[in-house]
Amino acid sequence: MPKESADTSLNQISSGLKMIEKIMSIEPNHVNLDYGGGKYNKGTEYLKTRSIDNLVYDPFNRPKAHNEAIELYCDLNRVDSITILNVFNVIPSEIERYQILDNCLAWLKDGGKIIISIYEKNGDGIMERTSKGYQNNLKTERYQIEIDKTFGYMVRSTRKGNIIILEEK
């Protein structure tokens, strides 16, 4: 992710975190990985009230030791759900988006789901530099096509507005 991605962290509860309960049945000890979850803990506090443990992994907004501990946890335990919220739209490299999703799929339990939200801005597809980093300005459908092209053999993607939901085939 571009280093400027640290500046895009917002102190709010993302609507994507609120979707976890809508798309999955929540079992006791449900663990969500919030990839690129930023430096604030409002989302984690919100999910805790819903009996969901939220692990935030963010290479630009969390200390290295924190991220390494999250990686180790996910390597050893795997997680029930993963959220990647307004992350892909600030990463100009398709290869880097592929690497993120590849890592996340390795950390996901069988039967788990990944929720990806996209901020489209104007959707014209012209990448621009913003005051806080980059914005790809791509439609959500473009990211879904990218995901299906690369991972379609192993996951089924569905789209609801600016949300892509991935689950095993």
# chains A, B, ... in the order shown; residues from 1 in each chain; ligands from 1
>>> residues_around(residues="segment 114-130 of chain A", least_positions_apart="6", cutoff="6 Å", atoms="only C-alpha atoms", output="JSON, numbers by chain")
{"A": [81, 82, 83, 84, 85, 86, 89, 136, 137, 138, 139, 140, 162, 163, 164, 165, 166]}
>>> residues_around(residues="segment 19-31 of chain A", least_positions_apart="3", cutoff="6 Å", atoms="only C-alpha atoms", output="VMD selection string")
chain A and resid 16 52 to 54 79 to 80
>>> write_last_selection(atoms="C-alpha atoms", output="CSV table (one decimal), in the first residue's frame")
chain,number,residue,atom,x,y,z
A,16,GLY,CA,-18.7,-2.7,6.1
A,52,ILE,CA,-17.2,-10.4,17.6
A,53,ASP,CA,-13.5,-10.2,18.2
A,54,ASN,CA,-11.9,-7.8,15.7
A,79,VAL,CA,-10.4,-16.2,11.1
A,80,ASP,CA,-14.2,-16.5,10.5
>>> select_by_dssp(residues="chain A", states="strand (DSSP E or B)", output="ChimeraX atom specification")
/A:30-35,52-57,79-85,108-117,128-130,133-135,155-160,163-168
>>> write_last_selection(atoms="C-alpha atoms", output="CSV table (one decimal), in the first residue's frame")
chain,number,residue,atom,x,y,z
A,30,HIS,CA,-16.3,-15.2,16.0
A,31,VAL,CA,-13.1,-13.5,14.9
A,32,ASN,CA,-12.9,-10.9,12.1
A,33,LEU,CA,-9.7,-9.7,10.6
A,34,ASP,CA,-10.0,-6.0,9.5
A,35,TYR,CA,-7.3,-5.7,6.9
A,52,ILE,CA,-17.2,-10.4,17.6
A,53,ASP,CA,-13.5,-10.2,18.2
A,54,ASN,CA,-11.9,-7.8,15.7
A,55,LEU,CA,-8.2,-8.0,14.8
A,56,VAL,CA,-6.9,-5.0,13.0
A,57,TYR,CA,-4.0,-5.4,10.6
A,79,VAL,CA,-10.4,-16.2,11.1
A,80,ASP,CA,-14.2,-16.5,10.5
A,81,SER,CA,-14.5,-13.3,8.4
A,82,ILE,CA,-12.3,-10.7,6.9
A,83,THR,CA,-13.1,-7.1,6.1
A,84,ILE,CA,-11.1,-5.1,3.5
A,85,LEU,CA,-12.8,-1.7,3.7
A,108,LEU,CA,-9.8,-17.4,6.2
A,109,LYS,CA,-11.5,-20.4,7.8
A,110,ASP,CA,-13.4,-22.8,5.6
A,111,GLY,CA,-16.9,-21.4,5.2
A,112,GLY,CA,-15.7,-17.9,6.1
A,113,LYS,CA,-16.5,-14.8,4.1
A,114,ILE,CA,-14.6,-11.7,3.0
A,115,ILE,CA,-16.3,-8.3,2.7
A,116,ILE,CA,-14.6,-5.7,0.5
A,117,SER,CA,-16.0,-2.2,0.3
A,128,GLU,CA,-5.6,10.9,-9.0
A,129,ARG,CA,-3.5,12.0,-6.1
A,130,THR,CA,-5.5,13.4,-3.3
A,133,GLY,CA,-3.0,9.7,-0.8
A,134,TYR,CA,-4.4,8.1,-4.0
A,135,GLN,CA,-7.8,7.4,-5.3
A,155,VAL,CA,-14.2,-18.1,-4.6
A,156,ARG,CA,-17.6,-16.9,-5.6
A,157,SER,CA,-18.1,-13.2,-5.6
A,158,THR,CA,-21.4,-11.3,-5.3
A,159,ARG,CA,-21.8,-7.6,-5.4
A,160,LYS,CA,-24.2,-5.3,-3.6
A,163,ILE,CA,-19.7,-4.1,-1.5
A,164,ILE,CA,-18.1,-7.3,-2.8
A,165,ILE,CA,-18.7,-10.5,-0.8
A,166,LEU,CA,-16.4,-13.5,-1.3
A,167,GLU,CA,-17.0,-17.0,-0.2
A,168,GLU,CA,-15.6,-20.4,-1.1
>>> select_by_dssp(residues="chain A", states="helix (DSSP H, G or I)", output="ChimeraX atom specification")
/A:3-8,15-18,20-23,42-48,64-77,88-90,94-107,140-151
>>> closest_residue(among="A:Arg142, A:Lys64, A:Lys18, A:Lys132", to="Arg50 of chain A", atoms="only C-alpha atoms")
A:Lys18
>>> closest_residue(among="A:Asn67, A:Leu17, A:Ile100, A:Ser51", to="Lys39 of chain A", atoms="only C-alpha atoms")
A:Asn67
>>> closest_residue(among="A:Gly161, A:Ala65, A:Val87, A:Pro92", to="Gly37 of chain A", atoms="only C-alpha atoms")
A:Val87
